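**Q** Handing over data-v6.cif, mmCIF, C-alpha atoms and all ligand atoms.
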data_structure
loop_
_atom_site.label_atom_id
_atom_site.label_comp_id
_atom_site.auth_asym_id
_atom_site.auth_seq_id
_atom_site.Cartn_x
_atom_site.Cartn_y
_atom_site.Cartn_z
CA MET A 30 9.52 -5.44 -2.71
CA ASN A 31 11.29 -2.35 -3.99
CA VAL A 32 9.19 -2.24 -7.15
CA ALA A 33 6.10 -2.32 -4.91
CA ASP A 34 7.52 0.46 -2.74
CA SER A 35 8.26 2.55 -5.85
CA GLU A 36 4.71 2.08 -7.07
CA ARG A 37 3.36 3.07 -3.70
CA VAL A 38 5.26 6.36 -3.71
CA SER A 39 4.23 7.00 -7.34
CA SER A 40 0.58 6.63 -6.51
CA ALA A 41 0.94 8.86 -3.43
CA LEU A 42 2.46 11.55 -5.69
CA GLU A 43 -0.26 11.13 -8.27
CA HIS A 44 -2.82 11.68 -5.52
CA LEU A 45 -1.11 14.98 -4.81
CA GLY A 46 -1.53 15.95 -8.47
CA TYR A 47 1.96 15.17 -9.70
CA GLU A 48 2.44 13.72 -13.16
CA TYR A 49 4.93 11.06 -14.12
CA SER A 50 7.94 12.33 -16.06
CA PRO A 51 9.89 9.83 -18.16
CA VAL A 52 12.80 12.30 -18.20
CA ILE A 53 14.50 12.65 -14.83
CA GLU A 54 15.90 16.11 -15.66
CA ASP A 55 12.33 17.43 -16.17
CA ALA A 56 11.00 16.25 -12.82
CA ASP A 57 10.23 18.55 -9.90
CA VAL A 58 10.39 15.66 -7.45
CA ILE A 59 12.94 12.88 -7.85
CA VAL A 60 12.61 9.76 -5.72
CA LEU A 61 15.59 7.42 -5.50
CA ASN A 62 14.54 4.08 -4.06
CA THR A 63 17.44 1.97 -2.79
CA CYS A 64 18.45 -1.60 -1.94
CA VAL A 65 21.44 -2.61 0.17
CA VAL A 66 21.05 -6.39 0.28
CA ARG A 67 24.48 -6.76 -1.32
CA GLN A 68 27.41 -4.33 -1.58
CA SER A 69 26.90 -4.11 -5.35
CA ALA A 70 23.34 -2.80 -4.86
CA GLU A 71 24.54 -0.30 -2.26
CA ASP A 72 27.31 0.91 -4.60
CA LYS A 73 24.79 1.48 -7.38
CA ALA A 74 22.55 3.43 -5.01
CA TYR A 75 25.47 5.72 -4.05
CA GLY A 76 26.38 6.11 -7.72
CA ARG A 77 22.86 7.19 -8.56
CA LEU A 78 22.71 9.53 -5.63
CA THR A 79 25.94 11.20 -6.70
CA SER A 80 24.60 11.58 -10.24
CA LEU A 81 21.73 13.66 -8.83
CA LEU A 82 24.06 16.33 -7.47
CA PRO A 83 24.45 18.22 -10.79
CA VAL A 84 20.66 18.10 -11.24
CA LYS A 85 20.18 19.74 -7.84
CA ARG A 86 22.95 22.29 -8.53
CA LYS A 87 21.28 23.34 -11.77
CA ARG A 88 17.77 23.49 -10.32
CA PRO A 89 17.93 23.91 -6.54
CA GLU A 90 14.11 23.87 -6.32
CA VAL A 91 14.03 20.18 -7.29
CA VAL A 92 12.98 17.97 -4.37
CA ILE A 93 15.21 14.96 -3.94
CA ASN A 94 13.86 12.09 -1.87
CA LEU A 95 16.12 9.23 -0.84
CA MET A 96 14.07 6.19 0.10
CA GLY A 97 14.45 2.56 1.07
CA CYS A 98 17.01 0.35 2.74
CA LEU A 99 19.91 2.78 2.36
CA VAL A 100 17.94 5.04 4.71
CA GLY A 101 16.56 2.24 6.88
CA ILE A 102 14.46 2.73 9.99
CA LYS A 103 17.11 4.00 12.38
CA ASP A 104 18.80 7.36 12.80
CA ASN A 105 20.24 8.48 9.48
CA ALA A 106 22.23 11.51 10.62
CA PRO A 107 25.43 10.30 8.89
CA LEU A 108 23.55 10.08 5.57
CA ARG A 109 22.09 13.56 6.04
CA LYS A 110 25.55 14.89 6.64
CA ARG A 111 27.07 13.11 3.68
CA PHE A 112 24.28 14.08 1.24
CA PRO A 113 23.10 17.55 2.26
CA TYR A 114 21.41 18.04 -1.12
CA VAL A 115 18.85 15.35 -0.34
CA ASP A 116 15.67 17.06 0.88
CA VAL A 117 13.75 14.10 2.30
CA PHE A 118 14.80 10.74 3.74
CA SER A 119 12.20 7.95 3.83
CA PRO A 120 12.38 4.43 5.26
CA PRO A 121 11.33 1.47 3.07
CA SER A 122 7.64 1.21 2.10
CA ASP A 123 6.76 4.62 3.55
CA PRO A 124 5.95 7.57 1.27
CA SER A 125 4.64 9.71 4.16
CA PRO A 126 7.81 11.76 4.89
CA LEU A 127 7.81 12.91 1.25
CA VAL A 128 4.08 13.60 1.19
CA GLU A 129 4.30 15.67 4.38
CA TYR A 130 7.30 17.59 3.08
CA LEU A 131 5.53 18.45 -0.19
CA LEU A 132 2.30 19.47 1.51
CA GLN A 133 4.18 21.77 3.84
CA ARG A 134 6.25 23.24 1.08
CA GLU A 135 3.24 23.89 -1.11
CA ALA A 136 1.47 25.69 1.68
CA TYR A 137 4.22 28.30 1.41
CA SER A 138 4.51 28.39 -2.34
CA ALA A 139 1.28 29.01 -4.20
CA GLU A 140 3.15 29.61 -7.43
CA GLN A 141 4.62 26.12 -7.31
CA ALA A 142 1.15 24.60 -6.99
CA GLU A 143 -0.17 26.34 -10.09
CA THR A 144 2.38 25.02 -12.55
CA ALA A 145 2.34 21.44 -13.78
CA ARG A 146 4.33 19.29 -11.38
CA ARG A 147 6.19 16.22 -12.42
CA TYR A 148 7.90 13.40 -10.61
CA ALA A 149 10.32 10.60 -11.43
CA VAL A 150 11.06 7.46 -9.44
CA MET A 151 14.34 5.62 -9.90
CA ASP A 152 15.33 2.29 -8.55
CA GLY A 153 18.91 2.48 -7.35
CA ASP A 154 19.57 -1.20 -7.87
CA LEU A 155 17.82 -1.91 -11.14
CA LEU A 156 19.09 1.39 -12.58
CA LEU A 157 15.78 1.84 -14.34
CA PRO A 158 13.45 4.78 -14.19
CA HIS A 159 10.10 3.61 -12.95
CA ASN A 160 7.60 3.75 -15.80
CA ALA A 161 4.20 4.89 -14.60
CA ASP A 162 2.99 5.49 -18.15
CA ALA A 163 2.21 1.94 -19.21
CA GLN A 164 -1.11 0.48 -18.15
CA PRO A 165 0.00 -2.14 -15.60
CA VAL A 166 -1.15 -5.73 -15.90
CA ILE A 167 0.82 -6.94 -12.89
CA GLY A 168 0.45 -5.50 -9.40
CA TRP A 169 2.37 -6.05 -6.17
CA ILE A 170 1.00 -5.86 -2.65
CA PRO A 171 3.26 -6.11 0.39
CA VAL A 172 1.34 -8.16 2.95
CA VAL A 173 4.09 -8.59 5.54
CA TYR A 174 6.44 -5.70 6.23
CA GLY A 175 9.87 -6.21 7.78
CA CYS A 176 11.38 -9.48 8.95
CA SER A 177 12.15 -10.96 12.36
CA HIS A 178 14.15 -13.97 11.21
CA ALA A 179 17.85 -13.49 11.85
CA CYS A 180 19.66 -15.15 8.95
CA ALA A 181 23.34 -14.59 9.76
CA TYR A 182 24.15 -12.79 6.50
CA CYS A 183 21.05 -10.68 6.01
CA ILE A 184 20.65 -6.94 6.57
CA ILE A 185 16.94 -6.75 5.79
CA PRO A 186 15.67 -7.06 9.39
CA TYR A 187 17.93 -4.16 10.38
CA ARG A 188 16.71 -1.92 7.59
CA ARG A 189 13.05 -2.90 7.28
CA GLY A 190 12.32 -3.49 10.95
CA VAL A 191 10.36 -6.22 12.71
CA GLU A 192 7.84 -8.42 10.98
CA LYS A 193 4.37 -6.91 10.73
CA SER A 194 1.39 -8.29 8.83
CA ARG A 195 -0.94 -5.79 7.20
CA PRO A 196 -4.67 -5.90 8.00
CA PRO A 197 -6.55 -8.09 5.50
CA GLU A 198 -9.14 -5.33 4.84
CA GLU A 199 -6.37 -3.00 3.72
CA ILE A 200 -4.91 -5.65 1.39
CA ILE A 201 -8.29 -6.48 -0.11
CA LYS A 202 -9.08 -2.81 -0.65
CA GLU A 203 -5.77 -2.38 -2.43
CA ALA A 204 -6.39 -5.46 -4.58
CA ARG A 205 -9.86 -4.17 -5.56
CA SER A 206 -8.40 -0.84 -6.52
CA LEU A 207 -5.71 -2.54 -8.63
CA ALA A 208 -8.41 -4.63 -10.31
CA ALA A 209 -10.38 -1.47 -11.08
CA GLN A 210 -7.26 -0.06 -12.77
CA GLY A 211 -7.09 -3.11 -15.04
CA VAL A 212 -4.51 -5.15 -13.15
CA LYS A 213 -4.98 -8.88 -13.82
CA GLU A 214 -2.32 -10.46 -11.66
CA ILE A 215 -1.28 -9.67 -8.10
CA THR A 216 1.81 -10.91 -6.28
CA LEU A 217 1.68 -10.80 -2.48
CA LEU A 218 5.00 -9.87 -0.94
CA GLY A 219 6.77 -10.57 2.31
CA GLN A 220 10.29 -11.50 3.37
CA ILE A 221 8.69 -14.67 4.75
CA VAL A 222 5.29 -14.36 3.14
CA ASP A 223 4.02 -17.70 4.48
CA ARG A 224 4.25 -16.22 7.99
CA TYR A 225 1.41 -13.84 7.10
CA GLY A 226 -0.95 -13.44 10.06
CA ILE A 227 1.22 -15.21 12.63
CA ASP A 228 1.88 -11.94 14.44
CA GLU A 229 -1.84 -11.05 14.45
CA PRO A 230 -4.00 -14.03 15.41
CA SER A 231 -7.20 -12.23 14.39
CA TYR A 232 -5.98 -12.11 10.77
CA PRO A 233 -6.41 -15.04 8.36
CA ARG A 234 -3.25 -16.95 7.40
CA LEU A 235 -1.89 -16.69 3.87
CA GLU A 236 -4.19 -19.43 2.48
CA GLY A 237 -7.22 -17.60 3.92
CA LEU A 238 -6.09 -14.35 2.39
CA LEU A 239 -5.60 -16.07 -0.99
CA ARG A 240 -9.15 -17.46 -0.77
CA GLN A 241 -10.55 -13.99 -0.11
CA LEU A 242 -8.51 -12.41 -2.90
CA SER A 243 -9.64 -15.15 -5.30
CA GLU A 244 -13.17 -13.76 -5.08
CA ILE A 245 -12.21 -10.40 -6.56
CA GLU A 246 -13.55 -10.01 -10.05
CA GLY A 247 -10.97 -8.97 -12.62
CA ILE A 248 -8.05 -10.47 -10.76
CA GLU A 249 -7.19 -13.58 -12.76
CA ARG A 250 -3.90 -14.65 -11.23
CA LEU A 251 -2.40 -14.60 -7.75
CA ARG A 252 1.17 -15.30 -6.69
CA PHE A 253 3.15 -14.85 -3.49
CA LEU A 254 6.80 -14.60 -2.50
CA THR A 255 9.10 -15.34 -0.69
CA SER A 256 8.45 -18.53 1.27
CA HIS A 257 10.75 -19.96 3.94
CA PRO A 258 11.04 -23.77 4.16
CA ASN A 259 10.08 -23.79 7.85
CA TRP A 260 6.80 -21.98 7.33
CA MET A 261 5.40 -23.64 4.22
CA THR A 262 2.27 -25.40 5.54
CA ASP A 263 0.12 -28.18 4.10
CA GLU A 264 -2.85 -25.79 4.25
CA LEU A 265 -1.02 -23.31 2.04
CA LEU A 266 -0.05 -26.04 -0.44
CA ARG A 267 -3.65 -27.22 -0.51
CA ALA A 268 -4.85 -23.68 -1.25
CA VAL A 269 -2.37 -23.36 -4.12
CA ALA A 270 -3.53 -26.71 -5.52
CA GLU A 271 -7.25 -25.97 -5.11
CA LEU A 272 -7.64 -22.30 -5.98
CA PRO A 273 -7.62 -21.91 -9.77
CA LYS A 274 -6.42 -18.30 -9.58
CA VAL A 275 -3.38 -19.13 -7.45
CA MET A 276 -0.56 -19.95 -9.85
CA PRO A 277 1.55 -23.10 -9.45
CA HIS A 278 4.80 -21.35 -8.66
CA ILE A 279 6.67 -21.40 -5.34
CA GLU A 280 9.69 -19.26 -4.47
CA ILE A 281 11.39 -21.10 -1.66
CA PRO A 282 15.09 -20.32 -1.16
CA ASN A 283 17.38 -22.95 0.31
CA GLN A 284 20.54 -20.75 0.20
CA ALA A 285 22.97 -23.69 0.52
CA GLY A 286 23.06 -27.46 0.05
CA ASP A 287 25.25 -28.28 3.03
CA ASP A 288 24.03 -28.80 6.60
CA GLN A 289 26.95 -27.09 8.31
CA VAL A 290 26.71 -24.04 6.05
CA LEU A 291 22.94 -23.88 6.63
CA LYS A 292 23.61 -23.99 10.35
CA ASN A 293 26.19 -21.22 10.10
CA MET A 294 23.68 -19.20 8.11
CA ARG A 295 21.08 -19.74 10.88
CA ARG A 296 18.53 -20.89 8.34
CA GLY A 297 16.81 -23.36 10.65
CA TYR A 298 16.47 -26.46 8.43
CA THR A 299 18.61 -29.24 6.98
CA VAL A 300 19.28 -30.18 3.38
CA ASP A 301 17.16 -33.29 3.75
CA GLN A 302 14.21 -31.30 5.11
CA TYR A 303 14.47 -29.00 2.09
CA ARG A 304 14.68 -31.94 -0.31
CA ARG A 305 11.57 -33.57 1.20
CA LEU A 306 9.72 -30.29 1.05
CA VAL A 307 10.47 -30.02 -2.69
CA TRP A 308 9.15 -33.55 -3.18
CA LYS A 309 6.02 -32.72 -1.22
CA ILE A 310 5.38 -29.48 -3.14
CA ARG A 311 5.73 -31.39 -6.42
CA GLU A 312 3.42 -34.13 -5.26
CA ARG A 313 0.70 -31.76 -4.00
CA ILE A 314 0.81 -29.27 -6.88
CA PRO A 315 1.15 -31.06 -10.22
CA GLY A 316 3.20 -29.14 -12.77
CA VAL A 317 4.48 -26.69 -10.15
CA SER A 318 7.58 -24.62 -10.79
CA ILE A 319 9.97 -23.98 -7.92
CA ALA A 320 12.52 -21.19 -7.52
CA THR A 321 15.37 -20.98 -5.05
CA ASP A 322 18.00 -18.47 -3.95
CA ILE A 323 21.58 -19.62 -3.38
CA ILE A 324 24.50 -17.81 -1.76
CA VAL A 325 27.98 -19.06 -2.69
CA GLY A 326 31.13 -18.30 -0.72
CA PHE A 327 29.52 -17.90 2.69
CA PRO A 328 32.26 -17.58 5.37
CA GLY A 329 34.04 -20.89 5.84
CA GLU A 330 32.35 -22.61 2.86
CA THR A 331 34.79 -25.29 1.72
CA GLU A 332 35.09 -26.73 -1.76
CA GLU A 333 33.38 -29.88 -0.49
CA GLN A 334 30.51 -27.96 1.08
CA PHE A 335 30.06 -26.00 -2.14
CA GLN A 336 29.98 -29.31 -4.03
CA HIS A 337 27.04 -30.36 -1.84
CA THR A 338 25.13 -27.29 -3.04
CA TYR A 339 26.04 -28.12 -6.63
CA ASP A 340 24.92 -31.72 -6.19
CA LEU A 341 21.63 -30.68 -4.59
CA LEU A 342 20.76 -28.33 -7.47
CA ALA A 343 21.72 -31.05 -9.97
CA GLU A 344 19.47 -33.50 -8.14
CA LEU A 345 16.41 -31.29 -7.58
CA LYS A 346 16.41 -29.59 -11.01
CA LEU A 347 14.55 -26.49 -9.85
CA ASP A 348 13.05 -24.06 -12.35
CA VAL A 349 14.93 -20.98 -11.20
CA ALA A 350 18.01 -20.37 -9.06
CA HIS A 351 18.76 -16.77 -8.11
CA LEU A 352 22.49 -16.90 -7.43
CA ALA A 353 24.47 -14.51 -5.25
CA ARG A 354 28.05 -14.24 -4.07
CA TYR A 355 28.27 -13.68 -0.33
CA SER A 356 28.61 -10.01 0.49
CA PRO A 357 29.34 -9.02 4.11
CA ARG A 358 26.75 -6.52 5.37
CA ALA A 359 27.74 -4.26 8.23
CA GLY A 360 26.16 -5.20 11.54
CA THR A 361 24.97 -8.69 10.58
CA LEU A 362 26.03 -11.73 12.60
CA SER A 363 28.26 -13.15 9.87
CA GLU A 364 29.94 -9.79 9.25
CA ARG A 365 30.67 -9.38 12.95
CA THR A 366 31.80 -12.91 13.76
CA MET A 367 32.84 -14.79 10.63
CA PRO A 368 35.75 -13.73 8.40
CA ASP A 369 34.86 -13.30 4.72
CA ASP A 370 37.47 -15.90 3.85
CA VAL A 371 36.40 -17.23 0.45
CA PRO A 372 38.41 -15.19 -2.09
CA ALA A 373 36.44 -13.15 -4.63
CA SER A 374 37.82 -15.19 -7.54
CA GLU A 375 36.67 -18.40 -5.86
CA LYS A 376 33.20 -16.96 -5.22
CA TRP A 377 33.02 -16.14 -8.92
CA ARG A 378 34.14 -19.64 -9.88
CA ARG A 379 31.45 -21.24 -7.69
CA PHE A 380 28.88 -18.76 -8.99
CA ARG A 381 29.72 -19.58 -12.63
CA ALA A 382 29.68 -23.32 -11.97
CA LEU A 383 26.13 -23.09 -10.60
CA GLU A 384 25.11 -20.70 -13.35
CA LYS A 385 26.22 -23.18 -16.01
CA LEU A 386 24.57 -26.12 -14.27
CA GLN A 387 21.32 -24.23 -13.86
CA GLU A 388 21.34 -23.03 -17.46
CA ASN A 389 21.38 -26.63 -18.64
CA ILE A 390 18.66 -27.64 -16.21
CA VAL A 391 16.44 -24.78 -17.32
CA ARG A 392 17.09 -25.43 -20.99
CA GLU A 393 15.88 -28.99 -20.44
CA ILE A 394 12.80 -27.94 -18.45
CA HIS A 395 11.87 -25.36 -21.08
CA ALA A 396 12.31 -27.89 -23.89
CA SER A 397 9.56 -29.96 -22.26
CA TYR A 398 7.13 -27.09 -23.09
CA LEU A 399 7.77 -27.46 -26.82
CA ASP A 400 4.56 -27.97 -28.87
CA LYS A 401 2.44 -27.64 -25.74
CA THR A 402 -0.37 -25.09 -25.51
CA VAL A 403 -0.33 -22.91 -22.40
CA PRO A 404 -2.44 -19.96 -21.19
CA ILE A 405 -0.31 -16.82 -21.29
CA LEU A 406 -1.12 -13.54 -19.57
CA PHE A 407 0.30 -10.77 -21.75
CA GLU A 408 1.97 -7.85 -19.97
CA GLU A 409 3.66 -5.54 -22.44
CA LYS A 410 4.95 -5.17 -25.97
CA ILE A 411 8.71 -5.07 -26.38
CA LYS A 412 9.62 -4.06 -29.93
CA LYS A 413 7.53 -6.33 -32.14
CA ARG A 414 6.80 -9.00 -29.57
CA TRP A 415 4.30 -9.33 -26.78
CA LYS A 416 5.76 -10.57 -23.52
CA GLY A 417 3.69 -12.73 -21.23
CA ARG A 418 3.99 -15.47 -18.64
CA THR A 419 2.89 -19.04 -18.18
CA PRO A 420 1.12 -20.00 -14.93
CA THR A 421 4.54 -21.35 -13.87
CA ASN A 422 6.01 -17.85 -14.32
CA LYS A 423 8.02 -18.58 -17.44
CA ILE A 424 8.43 -15.80 -19.98
CA VAL A 425 6.94 -16.34 -23.43
CA PHE A 426 7.16 -13.98 -26.41
CA VAL A 427 4.55 -13.88 -29.16
CA GLU A 428 4.65 -11.80 -32.32
CA SER A 429 1.33 -10.08 -32.92
CA ASP A 430 -0.03 -6.76 -34.20
CA ALA A 431 -3.15 -7.09 -32.06
CA ASP A 432 -3.38 -5.46 -28.63
CA LEU A 433 -2.85 -8.38 -26.28
CA ARG A 434 -2.20 -6.40 -23.10
CA GLY A 435 -3.96 -7.89 -20.10
CA GLN A 436 -5.42 -10.84 -22.02
CA ILE A 437 -4.96 -14.49 -21.14
CA LEU A 438 -4.71 -16.47 -24.38
CA ASP A 439 -3.74 -20.00 -25.32
CA VAL A 440 -0.32 -20.05 -26.89
CA LYS A 441 1.46 -22.89 -28.63
CA ILE A 442 5.16 -22.98 -27.74
CA ILE A 443 7.25 -23.19 -30.91
CA ARG A 444 10.77 -22.50 -29.69
CA THR A 445 12.50 -22.71 -26.32
CA GLY A 446 15.80 -21.64 -24.81
CA PRO A 447 17.22 -21.21 -21.32
CA TRP A 448 15.97 -17.62 -20.89
CA SER A 449 12.59 -17.51 -22.61
CA MET A 450 10.26 -19.21 -25.06
CA LEU A 451 8.64 -18.24 -28.30
CA GLY A 452 5.02 -19.08 -29.06
CA GLU A 453 2.15 -18.38 -31.42
CA LEU A 454 -1.49 -17.73 -30.62
CA ALA A 455 -3.32 -21.06 -30.75
N1 LIG B 501 13.53 -12.81 2.68
C1 LIG B 501 13.81 -13.56 1.51
C2 LIG B 501 14.70 -12.84 0.52
C3 LIG B 501 15.68 -11.87 1.02
S1 LIG B 501 16.83 -11.03 0.00
C4 LIG B 501 14.43 -14.87 1.93
O1 LIG B 501 14.81 -15.05 3.05
O2 LIG B 501 14.55 -15.74 1.11
C5 LIG B 501 17.00 -11.97 -1.43
C6 LIG B 501 18.20 -12.85 -1.48
O3 LIG B 501 19.39 -12.12 -1.39
C7 LIG B 501 18.30 -13.85 -0.35
O4 LIG B 501 17.47 -14.93 -0.54
C8 LIG B 501 19.76 -14.23 -0.41
O5 LIG B 501 19.99 -15.31 -1.29
C9 LIG B 501 20.42 -12.98 -0.95
N2 LIG B 501 21.20 -12.32 0.10
C10 LIG B 501 20.76 -11.76 1.24
N3 LIG B 501 21.79 -11.29 1.95
C11 LIG B 501 22.91 -11.53 1.25
C12 LIG B 501 24.30 -11.29 1.46
N4 LIG B 501 24.73 -10.71 2.56
N5 LIG B 501 25.17 -11.68 0.50
C13 LIG B 501 24.74 -12.29 -0.62
N6 LIG B 501 23.46 -12.56 -0.87
C14 LIG B 501 22.54 -12.19 0.04
#
Turn this file's structure into structure tokens for me.
Ligand code: SAH

**A**
Amino acid sequence: MNVADSERVSSALEHLGYEYSPVIEDADVIVLNTCVVRQSAEDKAYGRLTSLLPVKRKRPEVVINLMGCLVGIKDNAPLRKRFPYVDVFSPPSDPSPLVEYLLQREAYSAEQAETARRYAVMDGDLLLPHNADAQPVIGWIPVVYGCSHACAYCIIPYRRGVEKSRPPEEIIKEARSLAAQGVKEITLLGQIVDRYGIDEPSYPRLEGLLRQLSEIEGIERLRFLTSHPNWMTDELLRAVAELPKVMPHIEIPNQAGDDQVLKNMRRGYTVDQYRRLVWKIRERIPGVSIATDIIVGFPGETEEQFQHTYDLLAELKLDVAHLARYSPRAGTLSERTMPDDVPASEKWRRFRALEKLQENIVREIHASYLDKTVPILFEEKIKKRWKGRTPTNKIVFVESDADLRGQILDVKIIRTGPWSMLGELA
């Protein structure tokens, strides 16, 4: 979601005539996009923000824009007070405060407008400068903004606001424009993406949107994330199975493998419902890959309850598990009412136990690709190797001197490991 927001602000700046600068110190406008989903992300965002102070001291004319969940949608007077050197504060997904500020400023400074103007976008969590130079193969389109589901631990609804689906015409226009720029794959984004259209009955639901997007020439692959177990419908599964451009990959977090913990988290389903859903997804979409998110050390999680999560992952053998240690977020239900009582060292132990289990599961799944030939969409060259993905979203590297960017080519898998695979053009 943040990558998509960063791209949105980049393209708004390019419309204004700004050019991308790979060197932050050379930029006239610096955007810092932030995430606060866990304390570690928030800490990195503050670290980055502090590192911008000397830049501003040296060149006071630089425009600094703080954007994203650190700012949120509510009053941010405390932030303004704490960081007076930030010129513009923008909520998530919204470049307009920056655009308005720049337009106003330029109206007063003709000289500024005549010189080349450069911008840089940083992601506070990933700690990577956004690279607008490379011709993108993959595009992201937020289709549902915000979230209205109140998971006990989660700060996103407070910072991104209530759930709101975007009009289908707007999404299709954006997809066409990405296709015209050479983008081959689009991922539709939403906190609960399978709720697309529920808040606006005149809109299609997600499967309808996928059908419409499938018609766009040039777009070869479609994905969507994140799904919530309660909103994954048979119609959506059918669309994934039927539409050749929709890739067989489902991101459907279960967060915990214990009913009491799930209840405390306010997730709204049981372990057995999740298990049956995984079976159903696998039955309806042959060869599908499934990803989950897991939080360890939620308040009150006992050793036995954690073991249930471990056992569930061992049983289901999912393709990806994004693991997180519980981090209390100010204002959320769990932060207000449940003591953060699992010690940090114990959270780490549980985290590492799942990490090790999952590594072995993934190694085994990847080994099953050995000697198979799979269509890979190539995204970028990293050193001597081209990086691409299988339809199931697995990363494959291929050594080649040819320009493979944006091509879908059959690749024979010759080596596999838990993190990636190596292949050769078939
Ligand atoms: N809306 C999506 C993803 C939200 S954020 C969903 O509901 O699945 C991505 C992941 O961060 C979540 O799935 C969750 O596993 C993790 N997360 C969110 N809040 C957290 C917290 N307070 N502590 C630790 N992990 C958290």

**Q** How close does each residue of chain A get to ligand LIG 501 (chain B), giving the shortest atom pair and distance in Å to one decimal for every residue with an atom at most 7 Å away, counting all atoms listed in the file, sorted by chain and residue number, as JSON lines?

**A**
{"residue": "A:Val66", "atom": "CA", "partner": "B:LIG501", "partner_atom": "N3", "distance": 5.2}
{"residue": "A:Arg67", "atom": "CA", "partner": "B:LIG501", "partner_atom": "N5", "distance": 5.3}
{"residue": "A:Tyr182", "atom": "CA", "partner": "B:LIG501", "partner_atom": "N4", "distance": 4.5}
{"residue": "A:Cys183", "atom": "CA", "partner": "B:LIG501", "partner_atom": "N3", "distance": 4.2}
{"residue": "A:Ile184", "atom": "CA", "partner": "B:LIG501", "partner_atom": "N3", "distance": 6.4}
{"residue": "A:Gln220", "atom": "CA", "partner": "B:LIG501", "partner_atom": "N1", "distance": 3.6}
{"residue": "A:Ile221", "atom": "CA", "partner": "B:LIG501", "partner_atom": "N1", "distance": 5.6}
{"residue": "A:Thr255", "atom": "CA", "partner": "B:LIG501", "partner_atom": "C1", "distance": 5.5}
{"residue": "A:Ser256", "atom": "CA", "partner": "B:LIG501", "partner_atom": "O2", "distance": 6.7}
{"residue": "A:His257", "atom": "CA", "partner": "B:LIG501", "partner_atom": "O2", "distance": 6.3}
{"residue": "A:Ile281", "atom": "CA", "partner": "B:LIG501", "partner_atom": "O2", "distance": 6.8}
{"residue": "A:Pro282", "atom": "CA", "partner": "B:LIG501", "partner_atom": "O2", "distance": 5.1}
{"residue": "A:Gln284", "atom": "CA", "partner": "B:LIG501", "partner_atom": "O5", "distance": 5.7}
{"residue": "A:Asp322", "atom": "CA", "partner": "B:LIG501", "partner_atom": "O5", "distance": 4.6}
{"residue": "A:Ile323", "atom": "CA", "partner": "B:LIG501", "partner_atom": "O5", "distance": 5.0}
{"residue": "A:Ile324", "atom": "CA", "partner": "B:LIG501", "partner_atom": "O5", "distance": 5.2}
{"residue": "A:Leu352", "atom": "CA", "partner": "B:LIG501", "partner_atom": "O5", "distance": 6.8}
{"residue": "A:Ala353", "atom": "CA", "partner": "B:LIG501", "partner_atom": "N6", "distance": 4.9}
{"residue": "A:Arg354", "atom": "CA", "partner": "B:LIG501", "partner_atom": "C13", "distance": 5.2}
{"residue": "A:Tyr355", "atom": "CA", "partner": "B:LIG501", "partner_atom": "N5", "distance": 3.8}
{"residue": "A:Ser356", "atom": "CA", "partner": "B:LIG501", "partner_atom": "N5", "distance": 3.8}
{"residue": "A:Pro357", "atom": "CA", "partner": "B:LIG501", "partner_atom": "N4", "distance": 5.1}
{"residue": "A:Arg358", "atom": "CA", "partner": "B:LIG501", "partner_atom": "N4", "distance": 5.4}

**Q** So what do you get for CA of Ser122 in chain A versus CA of Ala41 in chain A, distance-wise?

**A** 11.6 Å

**Q** Can you work out which one of A:Gly435, A:Gly153, A:Gly286, A:Gly247 has the shortest atom-to-atom distance to His337 in chain A, counting only C-alpha atoms?

**A**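 Answer, going by the shortest atom-to-atom distance: A:Gly286.
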
**Q** Name the residues in contact with range 225-234 of chain A at a cut-off of 7 Å, using all atoms listed in the file, excluding same-chain residues fewer than 6 positions from it; report them as a PDB file with C-alpha atoms, in the frame of the given file.

**A**
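File written: part-v5.pdb
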ATOM      1  CA  VAL A 173       4.090  -8.590   5.540  1.00  0.00           C
ATOM      2  CA  LYS A 193       4.370  -6.910  10.730  1.00  0.00           C
ATOM      3  CA  SER A 194       1.390  -8.290   8.830  1.00  0.00           C
ATOM      4  CA  PRO A 196      -4.670  -5.900   8.000  1.00  0.00           C
ATOM      5  CA  PRO A 197      -6.550  -8.090   5.500  1.00  0.00           C
TER       6      PRO A 197
END

**Q** Just checking: using only C-alpha atoms, which residue out of A:Pro273, A:Glu264, A:Val325, A:Leu399 ends up closest to Arg313 in chain A?

**A** A:Glu264

**Q** Choose the residue, out of A:Thr63, A:Asn259, A:Thr421, A:Asn283, that has the smallest atom-to-atom separation from Leu341 in chain A; count only C-alpha atoms.

**A**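 That would be A:Asn283, the residue with the smallest distance to Leu341 in chain A.
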
**Q** Please indicate the distance in Å from CA of Asn389 in chain A to CA of Ile424 in chain A, rounded to one decimal place.

**A**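 The value is 16.9 Å.
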